[in-house]
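Asker: File name my_file05.csv; file contents CSV, C-alpha atoms; full text below.
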chain,number,residue,atom,x,y,z
A,1,MET,CA,0.0,0.0,0.0
A,2,PRO,CA,1.4,3.5,-0.9
A,3,MET,CA,2.6,5.6,2.0
A,4,GLY,CA,0.1,8.3,3.1
A,5,ASP,CA,-0.2,11.3,5.4
A,6,ASN,CA,0.0,9.1,8.5
A,7,ASN,CA,3.4,7.7,7.5
A,8,TYR,CA,6.2,9.9,8.7
A,9,VAL,CA,9.0,10.4,11.3
A,10,THR,CA,9.9,13.5,13.2
A,11,ALA,CA,13.5,14.6,13.4
A,12,ASN,CA,14.7,17.2,15.9
A,13,VAL,CA,17.1,19.6,14.1
A,14,ASN,CA,19.5,22.1,15.5
A,15,VAL,CA,19.2,25.1,13.2
A,16,VAL,CA,22.2,27.5,13.3
A,17,ALA,CA,21.3,29.5,10.1
A,18,ILE,CA,17.9,30.4,8.7
A,19,GLY,CA,16.9,29.6,5.1
A,20,PRO,CA,15.4,26.9,2.9
A,21,TYR,CA,16.1,23.3,3.8
A,22,GLU,CA,15.8,19.8,2.3
A,23,ILE,CA,16.3,16.8,4.6
A,24,LYS,CA,15.9,13.3,3.2
A,25,THR,CA,17.0,9.7,3.6
A,26,ASN,CA,18.3,7.0,1.3
A,27,THR,CA,15.7,4.9,-0.4
A,28,ILE,CA,15.1,1.4,1.0
A,29,ASN,CA,12.3,-1.1,0.3
A,30,GLY,CA,10.8,1.4,-2.2
A,31,VAL,CA,10.4,4.2,0.4
A,32,THR,CA,12.2,7.5,1.0
A,33,PHE,CA,11.6,10.0,3.9
A,34,ILE,CA,11.8,13.6,2.9
A,35,GLY,CA,11.1,17.1,4.5
A,36,THR,CA,11.4,20.5,2.9
A,37,GLY,CA,10.6,24.0,4.0
A,38,ASN,CA,12.2,27.2,5.3
A,39,PHE,CA,13.8,27.8,8.6
A,40,THR,CA,12.9,31.3,9.9
A,41,VAL,CA,14.5,31.0,13.4
A,42,THR,CA,17.5,29.2,14.9
A,43,GLY,CA,17.5,26.7,17.6
A,44,THR,CA,16.3,23.1,18.0
A,45,GLN,CA,13.0,22.4,16.2
A,46,PRO,CA,11.1,19.4,14.9
A,47,VAL,CA,11.0,18.6,11.2
A,48,ILE,CA,8.5,16.1,9.8
A,49,LEU,CA,10.0,13.7,7.2
A,50,LYS,CA,7.1,12.2,5.1
A,51,ALA,CA,7.4,8.7,3.7
A,52,ILE,CA,7.2,8.6,-0.1
A,53,GLY,CA,6.7,5.5,-2.1
A,54,THR,CA,5.2,2.0,-1.7
A,55,PRO,CA,6.9,-0.7,0.4
A,56,ILE,CA,7.9,-3.8,-1.6
A,57,GLU,CA,7.9,-6.4,1.2
A,58,GLN,CA,7.9,-7.1,4.9
A,59,MET,CA,11.3,-6.2,6.4
A,60,PRO,CA,12.4,-5.8,10.0
A,61,ASN,CA,14.7,-3.1,11.5
A,62,ILE,CA,15.6,-1.2,8.3
A,63,GLN,CA,18.2,1.5,9.0
A,64,TYR,CA,17.7,4.8,7.2
A,65,PHE,CA,20.4,7.5,7.0
A,66,ILE,CA,19.5,11.2,7.1
A,67,TYR,CA,21.1,13.7,4.7
A,68,SER,CA,20.5,17.4,4.3
A,69,ASN,CA,21.5,20.3,2.1
A,70,SER,CA,23.3,22.0,5.0
A,71,ALA,CA,26.4,24.0,3.9
A,72,LEU,CA,28.0,23.2,7.3
A,73,GLU,CA,30.2,20.1,7.8
A,74,GLN,CA,28.2,17.4,9.5
A,75,SER,CA,30.2,15.9,12.3
A,76,SER,CA,27.8,13.0,13.0
A,77,VAL,CA,25.7,10.7,11.0
A,78,CYS,CA,22.0,10.6,11.9
A,79,ASN,CA,19.8,7.5,11.3
A,80,PHE,CA,16.7,5.8,12.5
A,81,LYS,CA,15.2,2.3,12.1
A,82,ILE,CA,11.8,1.3,10.6
A,83,THR,CA,10.1,-2.1,10.6
A,84,TYR,CA,7.9,-2.8,7.7
A,85,LYS,CA,5.2,-5.4,8.2
A,86,TYR,CA,1.9,-6.3,6.7
A,87,TYR,CA,-1.2,-5.7,8.8
A,88,ASP,CA,-2.5,-8.0,11.5
A,89,ILE,CA,-6.2,-8.9,10.8
A,90,ASN,CA,-8.2,-9.2,14.0
A,91,ILE,CA,-11.4,-11.4,13.7
A,92,LEU,CA,-14.2,-11.7,16.3
A,93,VAL,CA,-16.3,-14.8,16.1
A,94,ILE,CA,-19.7,-14.5,17.8
A,95,GLY,CA,-20.9,-18.0,18.4
A,96,SER,CA,-19.4,-21.5,18.5
A,97,SER,CA,-15.7,-21.1,17.6
A,98,VAL,CA,-15.5,-24.2,15.4
A,99,TYR,CA,-18.3,-22.9,13.1
A,100,GLY,CA,-16.3,-19.8,12.1
A,101,PRO,CA,-12.7,-18.9,11.4
A,102,THR,CA,-10.4,-21.0,13.6
A,103,LYS,CA,-6.8,-21.9,14.0
A,104,ASN,CA,-7.8,-25.5,15.1
A,105,THR,CA,-6.4,-27.6,12.3
A,106,THR,CA,-8.9,-30.4,13.1
A,107,TYR,CA,-11.1,-28.3,10.9
A,108,SER,CA,-10.6,-27.2,7.3
A,109,LEU,CA,-10.7,-23.5,8.1
A,110,GLY,CA,-7.9,-24.1,10.6
A,111,ARG,CA,-5.7,-25.6,7.9
A,112,ILE,CA,-6.6,-22.8,5.5
A,113,LEU,CA,-5.9,-20.0,7.9
A,114,THR,CA,-2.7,-21.4,9.3
A,115,ALA,CA,-1.2,-22.2,5.8
A,116,GLN,CA,1.4,-19.4,5.2
A,117,SER,CA,1.0,-20.0,1.5
A,118,ASN,CA,-2.6,-18.7,1.9
A,119,PHE,CA,-2.4,-16.0,4.5
A,120,GLY,CA,1.0,-14.7,5.6
A,121,PRO,CA,3.8,-12.4,4.6
A,122,SER,CA,4.6,-14.5,1.5
A,123,GLY,CA,1.0,-15.9,1.0
A,124,LEU,CA,-1.5,-15.3,-1.7
A,125,VAL,CA,-3.1,-12.8,0.7
A,126,LYS,CA,-0.3,-10.8,2.3
A,127,VAL,CA,-0.9,-10.2,6.0
A,128,ASN,CA,1.4,-10.3,9.0
A,129,SER,CA,-1.0,-12.5,11.0
A,130,ILE,CA,-4.6,-13.4,11.6
A,131,ASN,CA,-5.8,-13.2,15.2
A,132,ILE,CA,-9.1,-14.7,16.3
A,133,TYR,CA,-11.2,-13.8,19.3
A,134,THR,CA,-14.4,-15.4,20.3
A,135,SER,CA,-17.6,-14.3,22.2
A,136,GLY,CA,-21.0,-15.5,23.0
A,137,SER,CA,-24.2,-13.7,22.0
A,138,VAL,CA,-24.1,-9.9,22.4
A,139,GLY,CA,-27.2,-7.9,23.3
A,140,THR,CA,-26.0,-4.3,23.9
A,141,GLU,CA,-24.1,-1.8,21.8
A,142,SER,CA,-21.8,-1.0,24.7
A,143,ALA,CA,-20.8,-4.7,25.1
A,144,LEU,CA,-20.1,-5.0,21.4
A,145,ARG,CA,-18.1,-1.8,21.3
A,146,THR,CA,-16.0,-3.1,24.2
A,147,LEU,CA,-15.2,-6.3,22.3
A,148,ILE,CA,-14.3,-4.3,19.2
A,149,ASP,CA,-12.1,-1.7,20.9
A,150,ARG,CA,-10.4,-4.0,23.3
A,151,ASN,CA,-9.3,-6.4,20.5
A,152,LYS,CA,-9.0,-3.8,17.6
A,153,ILE,CA,-11.4,-5.9,15.6
A,154,ASP,CA,-11.4,-5.6,11.8
A,155,MET,CA,-13.9,-8.5,10.9
A,156,ILE,CA,-16.9,-9.9,12.8
A,157,PHE,CA,-18.3,-13.3,11.9
A,158,VAL,CA,-21.7,-14.3,13.4
A,159,VAL,CA,-22.1,-18.1,13.4
A,160,VAL,CA,-24.0,-21.0,15.0
A,161,GLY,CA,-24.5,-20.5,18.7
A,162,GLY,CA,-24.2,-16.7,18.4
A,163,ARG,CA,-26.7,-13.9,18.3
A,164,VAL,CA,-26.4,-10.1,17.9
A,165,TYR,CA,-29.6,-8.5,19.1
A,166,GLY,CA,-31.1,-5.5,20.8
A,167,SER,CA,-29.0,-2.4,20.7
A,168,ALA,CA,-26.0,-4.5,19.5
A,169,SER,CA,-27.6,-4.6,16.1
A,170,GLU,CA,-27.2,-0.8,15.8
A,171,GLY,CA,-23.6,-1.2,17.1
A,172,LEU,CA,-22.9,-3.7,14.4
A,173,SER,CA,-24.2,-1.3,11.8
A,174,LYS,CA,-22.0,1.5,13.2
A,175,PHE,CA,-19.0,-0.9,12.9
A,176,VAL,CA,-19.5,-1.3,9.2
A,177,LYS,CA,-20.6,2.3,8.4
A,178,ASN,CA,-18.3,4.3,10.7
A,179,ASP,CA,-15.4,2.0,11.5
A,180,LYS,CA,-15.4,0.5,7.9
A,181,GLY,CA,-15.2,-3.0,9.4
A,182,ILE,CA,-16.4,-6.2,7.8
A,183,VAL,CA,-19.4,-8.3,9.0
A,184,VAL,CA,-20.0,-11.8,7.8
A,185,TYR,CA,-23.5,-12.7,9.1
A,186,SER,CA,-24.2,-16.4,8.9
A,187,LEU,CA,-27.8,-17.2,9.7
A,188,GLU,CA,-28.9,-20.0,12.0
A,189,ASN,CA,-32.3,-18.9,13.2
A,190,TYR,CA,-32.6,-15.2,14.4
A,191,GLU,CA,-33.4,-14.0,10.9
A,192,ARG,CA,-35.3,-11.0,12.4
A,193,ASP,CA,-32.1,-9.9,14.1
A,194,PHE,CA,-30.3,-9.9,10.8
A,195,ILE,CA,-33.1,-8.0,9.1
A,196,SER,CA,-32.9,-5.4,11.9
A,197,PHE,CA,-29.2,-5.1,11.3
A,198,ILE,CA,-29.3,-4.8,7.5
A,199,GLY,CA,-32.1,-2.3,7.7
A,200,SER,CA,-30.0,-0.2,10.0
A,201,VAL,CA,-27.1,-0.4,7.5
A,202,ASP,CA,-29.2,0.3,4.5
A,203,PRO,CA,-32.7,1.8,4.7
A,204,THR,CA,-33.5,0.5,1.2
A,205,ALA,CA,-33.3,-3.0,2.8
A,206,ALA,CA,-36.0,-2.3,5.4
A,207,GLY,CA,-38.5,-4.4,3.5
A,208,THR,CA,-36.4,-7.6,3.6
A,209,SER,CA,-38.4,-10.8,4.0
A,210,TYR,CA,-37.2,-14.4,4.6
A,211,GLU,CA,-38.3,-18.0,4.5
A,212,THR,CA,-36.6,-21.3,5.4
A,213,ARG,CA,-37.7,-23.7,2.6
A,214,TYR,CA,-34.2,-24.8,1.8
A,215,THR,CA,-32.2,-26.7,-0.9
A,216,MET,CA,-29.0,-28.5,0.0
A,217,THR,CA,-27.0,-26.8,-2.6
A,218,ASN,CA,-27.3,-23.2,-3.8
A,219,PRO,CA,-26.0,-22.1,-7.2
A,220,ILE,CA,-23.8,-19.0,-7.6
A,221,SER,CA,-25.9,-16.0,-8.9
A,222,ALA,CA,-25.4,-15.0,-12.5
A,223,ASN,CA,-24.8,-11.4,-11.5
A,224,ILE,CA,-22.2,-12.1,-8.7
A,225,PRO,CA,-20.0,-9.0,-8.4
A,226,SER,CA,-16.9,-9.5,-10.6
A,227,ASP,CA,-14.6,-7.9,-8.0
A,228,PHE,CA,-15.5,-10.7,-5.6
A,229,SER,CA,-16.2,-13.8,-7.7
A,230,LYS,CA,-12.6,-14.2,-8.8
A,231,SER,CA,-9.7,-14.3,-6.3
A,232,SER,CA,-6.1,-15.5,-6.1
A,233,PHE,CA,-7.6,-18.9,-5.1
A,234,GLY,CA,-10.1,-19.4,-7.9
A,235,GLU,CA,-13.4,-18.4,-9.6
A,236,LEU,CA,-16.8,-18.9,-8.0
A,237,ASN,CA,-18.8,-18.3,-11.2
A,238,GLY,CA,-20.8,-21.4,-12.3
A,239,LYS,CA,-20.3,-23.2,-9.0
A,240,ARG,CA,-22.5,-24.2,-6.0
A,241,LEU,CA,-22.4,-23.7,-2.3
A,242,GLY,CA,-23.8,-26.0,0.3
A,243,ASN,CA,-25.9,-25.9,3.5
A,244,ASP,CA,-24.7,-27.7,6.5
A,245,ALA,CA,-27.4,-30.2,7.5
A,246,THR,CA,-31.1,-29.8,6.8
A,247,ASN,CA,-31.7,-26.1,7.1
A,248,GLY,CA,-31.2,-22.8,5.4
A,249,SER,CA,-32.5,-19.2,5.3
A,250,TYR,CA,-33.4,-17.3,2.2
A,251,PHE,CA,-34.1,-13.6,1.7
A,252,SER,CA,-35.8,-11.3,-0.8
A,253,ASN,CA,-36.7,-7.6,-1.2
A,254,MET,CA,-33.2,-6.7,0.1
A,255,GLY,CA,-33.1,-3.3,-1.4
A,256,ALA,CA,-31.1,-1.6,-4.1
A,257,ASN,CA,-27.6,-2.3,-2.8
A,258,MET,CA,-27.5,-6.0,-2.0
A,259,GLN,CA,-25.7,-8.0,-4.6
A,260,GLY,CA,-26.5,-11.6,-5.0
A,261,ILE,CA,-23.8,-14.3,-4.4
A,262,ALA,CA,-26.0,-17.4,-4.4
A,263,SER,CA,-29.7,-18.3,-4.5
A,264,ARG,CA,-32.0,-21.2,-3.7
A,265,ASP,CA,-31.7,-24.0,-6.3
A,266,ASN,CA,-34.1,-23.3,-9.2
A,267,ASP,CA,-35.4,-20.1,-7.5
A,268,VAL,CA,-33.3,-16.9,-8.2
A,269,ASN,CA,-35.7,-14.7,-6.3
A,270,TRP,CA,-34.6,-16.0,-2.9
A,271,LEU,CA,-31.0,-15.2,-2.0
A,272,TRP,CA,-28.9,-17.6,0.1
A,273,ALA,CA,-25.8,-15.3,0.1
A,274,GLY,CA,-25.2,-11.7,-0.7
A,275,LYS,CA,-22.7,-8.8,-0.5
A,276,HIS,CA,-23.5,-5.2,0.1
A,277,LYS,CA,-22.5,-2.9,-2.7
A,278,GLU,CA,-21.1,-0.1,-0.5
A,279,TYR,CA,-20.2,-1.5,2.9
A,280,GLY,CA,-18.3,-4.6,4.0
A,281,VAL,CA,-21.3,-6.7,4.7
A,282,PHE,CA,-21.8,-10.3,3.6
A,283,PHE,CA,-24.7,-12.6,4.6
A,284,ILE,CA,-25.0,-16.4,4.2
A,285,GLY,CA,-28.2,-18.2,4.9
A,286,ASP,CA,-26.6,-21.0,7.0
A,287,GLY,CA,-24.8,-20.7,10.3
A,288,GLY,CA,-22.7,-23.7,9.7
A,289,TRP,CA,-21.5,-23.2,6.1
A,290,MET,CA,-17.9,-22.8,7.2
A,291,ILE,CA,-17.6,-26.1,9.1
A,292,GLY,CA,-15.8,-29.1,7.7
A,293,THR,CA,-12.7,-31.4,8.0
A,294,THR,CA,-10.3,-32.9,5.6
A,295,THR,CA,-11.7,-36.4,6.3
A,296,ASN,CA,-15.5,-36.1,6.7
A,297,SER,CA,-17.2,-37.9,3.8
A,298,SER,CA,-20.9,-37.2,4.5
A,299,ASN,CA,-22.7,-35.6,1.6
A,300,VAL,CA,-25.1,-33.6,3.9
A,301,ILE,CA,-22.9,-32.1,6.6
A,302,TYR,CA,-19.5,-30.4,6.8
A,303,PRO,CA,-19.5,-28.7,3.4
A,304,THR,CA,-16.2,-26.8,3.7
A,305,VAL,CA,-13.1,-28.8,2.7
A,306,SER,CA,-9.4,-28.3,2.3
A,307,ASP,CA,-6.6,-30.7,1.7
A,308,ILE,CA,-4.1,-31.4,4.5
A,309,TYR,CA,-1.9,-28.5,3.3
A,310,GLY,CA,-4.7,-25.9,3.6
A,311,LYS,CA,-5.6,-25.7,-0.1
A,312,PRO,CA,-9.4,-25.0,-0.5
A,313,ILE,CA,-11.0,-27.8,-2.5
A,314,PRO,CA,-14.7,-28.7,-3.3
A,315,LYS,CA,-16.7,-31.3,-1.5
A,316,TYR,CA,-17.9,-33.5,-4.3
A,317,ASP,CA,-21.3,-34.9,-4.9
A,318,TYR,CA,-22.8,-33.0,-2.0
A,319,GLY,CA,-26.6,-32.8,-1.3
A,320,ASN,CA,-29.6,-35.0,-1.9
A,321,SER,CA,-31.7,-36.1,-4.8
A,322,ALA,CA,-33.5,-32.8,-4.9
A,323,SER,CA,-30.4,-30.7,-5.0
A,324,LYS,CA,-26.9,-32.1,-5.5
A,325,GLY,CA,-23.5,-31.1,-6.9
A,326,ASP,CA,-19.9,-30.2,-6.0
A,327,VAL,CA,-19.9,-27.4,-3.4
A,328,TYR,CA,-17.2,-24.8,-3.0
A,329,ASN,CA,-17.7,-23.4,0.4
A,330,SER,CA,-14.0,-23.2,1.2
A,331,LEU,CA,-13.5,-21.1,-2.0
A,332,LEU,CA,-16.3,-18.7,-0.8
A,333,PHE,CA,-14.5,-18.3,2.5
A,334,VAL,CA,-11.1,-17.4,1.0
A,335,ASN,CA,-12.7,-15.1,-1.5
A,336,ILE,CA,-14.4,-13.3,1.3
A,337,MET,CA,-11.1,-13.0,3.2
A,338,GLU,CA,-9.1,-11.7,0.2
A,339,TRP,CA,-11.8,-9.2,-0.7
A,340,SER,CA,-12.1,-8.1,2.9
A,341,VAL,CA,-8.3,-7.5,3.3
A,342,LYS,CA,-8.3,-5.3,0.2
A,343,TYR,CA,-11.3,-3.4,1.5
A,344,LEU,CA,-9.8,-2.9,4.9
A,345,LEU,CA,-6.5,-1.6,3.4
A,346,GLY,CA,-8.4,0.9,1.4
A,347,ASN,CA,-11.0,2.0,4.0
A,348,LYS,CA,-9.9,1.2,7.6
A,349,LEU,CA,-6.4,0.0,8.3
A,350,ASN,CA,-4.6,2.9,6.5
A,351,LYS,CA,-6.4,5.3,8.8
Could you rewrite the structure in this file as C-alpha cells?
Answerer:
Amino acid sequence: MPMGDNNYVTANVNVVAIGPYEIKTNTINGVTFIGTGNFTVTGTQPVILKAIGTPIEQMPNIQYFIYSNSALEQSSVCNFKITYKYYDINILVIGSSVYGPTKNTTYSLGRILTAQSNFGPSGLVKVNSINIYTSGSVGTESALRTLIDRNKIDMIFVVVGGRVYGSASEGLSKFVKNDKGIVVYSLENYERDFISFIGSVDPTAAGTSYETRYTMTNPISANIPSDFSKSSFGELNGKRLGNDATNGSYFSNMGANMQGIASRDNDVNWLWAGKHKEYGVFFIGDGGWMIGTTTNSSNVIYPTVSDIYGKPIPKYDYGNSASKGDVYNSLLFVNIMEWSVKYLLGNKLNK
C-alpha cells in the first residue's frame, strides 16, 4: 500500500542558520523519507519527514540514514530504524468457535488460515498475522463496542450459537458504516435480528423478508460481483455452495444495494448469500456453512473442505436427490477473506 499522510518520522534539528532546507533519507524497500521547508528562526525544532513510495515487502529493522543540504560540515551521521510489516487482521467470532474462522487444524478452516501459503507475509493474501477472538451472544451496543475496541477488531463473523440482538444490532451497523469494518453474518435462526441489522445499515433493505424452505445446494448467482467472484484462489462463477445439514435461510426484497452471491436452487428470487455494494457486509443463509474437516465424507454435513496443506477444495457430490453437486464453500470463504483484506486496506487500516 502506498505511503500516506500518517506515515512519517519527526527529526529534531539544531538550526544554526535560517533559510530553505531539504532533509531526506536514502531509499530502502521502495520508500524515502523527505522534508522540505524554510527555517525562519534558529535553535532546536522538529521537522517532519514524510514517507514517499510503496513498500515492496515485509522487512524488520531497516536503517535509514538522514542527509541534508546543509552547507555546514556534518560531524555526526543521523539515522533511524523502521520495521515494515503487513497488517494484522483481527477477527471476532460471535458464536461457536468451530463454526467460524479458527486456528484449530482439526477443521478445514484451521488448515486454510494457518497455511502461510494462503495468508501470511509470503502468502496469496499478504498479512502479517490473523488473530481470532471469540464471544458468546451480544445484546447491547456497549458490550459489542468493548469487544471491538479491546481487540482492535477488523472483521466480525456471526455463526451458529451466536446472536447479535437488541442495541448490539445498531452497534454492528456502526461498525461497518463508521469504522469501515467487515461483517459476515451467517444465519442459524434469528433471521429477524439480521433484518434489523441490515435495515440499519441500508434503509432500502428495510422491507427484507425471509423463508426457510431450503435446498441442500445453492447455485452462484449469474450477477455475482466481478470484484469478488474471482480471487487468487479461484473463480466462483458457475459453482454451487452447500448448506450444513437440513436447514437454510433465504431472503428477498433486500433493497437496491444487496448484490447476490448465491440463490436457492431453481429459484433466483430468494438469495442464500449476498454482499452489500457499498459496505463490508456479507450474509450467508446458514450458520454452519464454514464447518468441515479434511476427512469427513458425509454428503449432507460439513460442506467446507481443504486438503491437508490448507488448499481450498470442493466437497464432491454433496446434497440429496432434490439438489446435488460439488460445493465450493471453502472457496467462498477465502474469496471473502481476500476481498475483505483489500477493502480494509483501502478503508480502515490505513487510517
Asker: So how far away is CA of Leu344 (chain A) from CA of Ser306 (chain A), in Å?
Answerer: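 Separation between CA of Ser306 (chain A) and CA of Leu344 (chain A): 25.5 Å.
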Asker: Would you mind telling me which residue in A:Thr208, A:Gln63, A:Asn296, A:Asn14 lies nearest to Thr106 (chain A) when using only C-alpha atoms?
Answerer: A:Asn296
Asker: So which residues touch Asp244 (chain A) within 8 Å, counting only C-alpha atoms, skipping near sequence neighbours fewer than 2 positions away, as a list in words?
Answerer: Met216, Gly242, Thr246, Asn247, Asp286, Gly287, Gly288, Trp289, Ile291, Val300, Ile301, Tyr302 and Pro303 of chain A
Asker: What does the distance between CA of Ile82 (chain A) and CA of Ile62 (chain A) come to in Å, to one decimal place?
Answerer: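 Between CA of Ile82 (chain A) and CA of Ile62 (chain A) the gap works out to 5.1 Å.
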Asker: My list of candidates is A:Pro203, A:Pro219, A:Gly161, A:Gly35. Which is closest to Ser323 (chain A) when distances are computed with all atoms listed in the file?
Answerer: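 Looking at the shortest contact to Ser323 (chain A), the residue is A:Pro219.
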Asker: Using all atoms listed in the file, what table do you get, as JSON lines, when you list each residue of region 205-316 of chain A with an atom no more than 10 Å from region 165-177 of chain A, its nearest pair of atoms, and their distance in Å rounded to one decimal, rows by chain then rising number?
Answerer:
{"residue": "A:Glu278", "atom": "CA", "partner": "A:Lys177", "partner_atom": "CA", "distance": 9.2}
{"residue": "A:Tyr279", "atom": "CA", "partner": "A:Val176", "partner_atom": "CA", "distance": 6.3}
{"residue": "A:Gly280", "atom": "CA", "partner": "A:Val176", "partner_atom": "CA", "distance": 6.3}
{"residue": "A:Val281", "atom": "CA", "partner": "A:Val176", "partner_atom": "CA", "distance": 7.3}
Asker: Write out the residues from the selection above, keeping C-alpha atoms, as a PDB file, in the coordinates of the input.
Answerer:
ATOM      1  CA  GLU A 278     -21.100  -0.100  -0.500  1.00  0.00           C
ATOM      2  CA  TYR A 279     -20.200  -1.500   2.900  1.00  0.00           C
ATOM      3  CA  GLY A 280     -18.300  -4.600   4.000  1.00  0.00           C
ATOM      4  CA  VAL A 281     -21.300  -6.700   4.700  1.00  0.00           C
TER       5      VAL A 281
END
Asker: Counting all atoms listed in the file, what is within 6 Å of Val305 (chain A), bar same-chain residues fewer than 3 positions away, as a ChimeraX atom specification?
Answerer: /A:108,292-294,313,330
Asker: A:Asn38, A:Asn329, A:Val98, A:Glu22: which is nearest Tyr67 (chain A), counting all atoms listed in the file?
Answerer: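 Nearest to Tyr67 (chain A): A:Glu22.
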Asker: In terms of the shortest atom-to-atom distance over all atoms listed in the file, which of A:Gly346, A:Pro314, A:Gly207, A:Gly248 is closest to Glu188 (chain A)?
Answerer: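 Of all the options, A:Gly248 lies closest to Glu188 (chain A).
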Asker: Contacts of region 42-47 of chain A at 7 Å or less, counting all atoms listed in the file, minus same-chain residues fewer than 6 places along, as a list in words?
Answerer: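 Neighbouring residues, sequence-local ones excluded: Thr10, Ala11, Asn12, Val13, Asn14, Val15, Val16, Ala17, Ile18 and Gly35 of chain A.
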Asker: Find, counting all atoms listed in the file, the residue in A:Gly310, A:Ile56, A:Asn335, A:Lys324 that gets nearest to Ile261 (chain A).
Answerer: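 Closest residue, counting all atoms listed in the file: A:Asn335.
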Asker: When you draw a straight line from CA of Gly260 (chain A) to CA of Tyr343 (chain A), how long is it in Å?
Answerer: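 Separation of CA of Gly260 (chain A) and CA of Tyr343 (chain A): 18.5 Å.
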Asker: Looking at A:Thr25, A:Thr217, A:Asn223, A:Gln259, which one is nearest to Val327 (chain A), with distances taken over all atoms listed in the file?
Answerer: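 Ranked by minimum distance to Val327 (chain A), first place goes to A:Thr217.
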Asker: Could you name the residues that touch region 119-123 of chain A at 10 Å or less, counting only C-alpha atoms, but leaving out those on the same chain fewer than 3 positions away, as an MDAnalysis selection string?
Answerer: chainID A and resid 57:59 85:88 112:116 126:130 334 337:338
Asker: Check which residues of region 131-202 of chain A sit at most 10 Å from region 249-254 of chain A using only C-alpha atoms, and return one row each with the closest pair of atoms and their distance in Å to one decimal, ordered by chain and rising number, as JSON lines.
Answerer:
{"residue": "A:Ser186", "atom": "CA", "partner": "A:Ser249", "partner_atom": "CA", "distance": 9.5}
{"residue": "A:Leu187", "atom": "CA", "partner": "A:Ser249", "partner_atom": "CA", "distance": 6.7}
{"residue": "A:Glu188", "atom": "CA", "partner": "A:Ser249", "partner_atom": "CA", "distance": 7.6}
{"residue": "A:Asn189", "atom": "CA", "partner": "A:Ser249", "partner_atom": "CA", "distance": 7.9}
{"residue": "A:Tyr190", "atom": "CA", "partner": "A:Ser249", "partner_atom": "CA", "distance": 9.9}
{"residue": "A:Glu191", "atom": "CA", "partner": "A:Ser249", "partner_atom": "CA", "distance": 7.7}
{"residue": "A:Ile195", "atom": "CA", "partner": "A:Met254", "partner_atom": "CA", "distance": 9.1}
{"residue": "A:Ile198", "atom": "CA", "partner": "A:Met254", "partner_atom": "CA", "distance": 8.6}
{"residue": "A:Gly199", "atom": "CA", "partner": "A:Met254", "partner_atom": "CA", "distance": 8.9}
{"residue": "A:Asp202", "atom": "CA", "partner": "A:Met254", "partner_atom": "CA", "distance": 9.2}
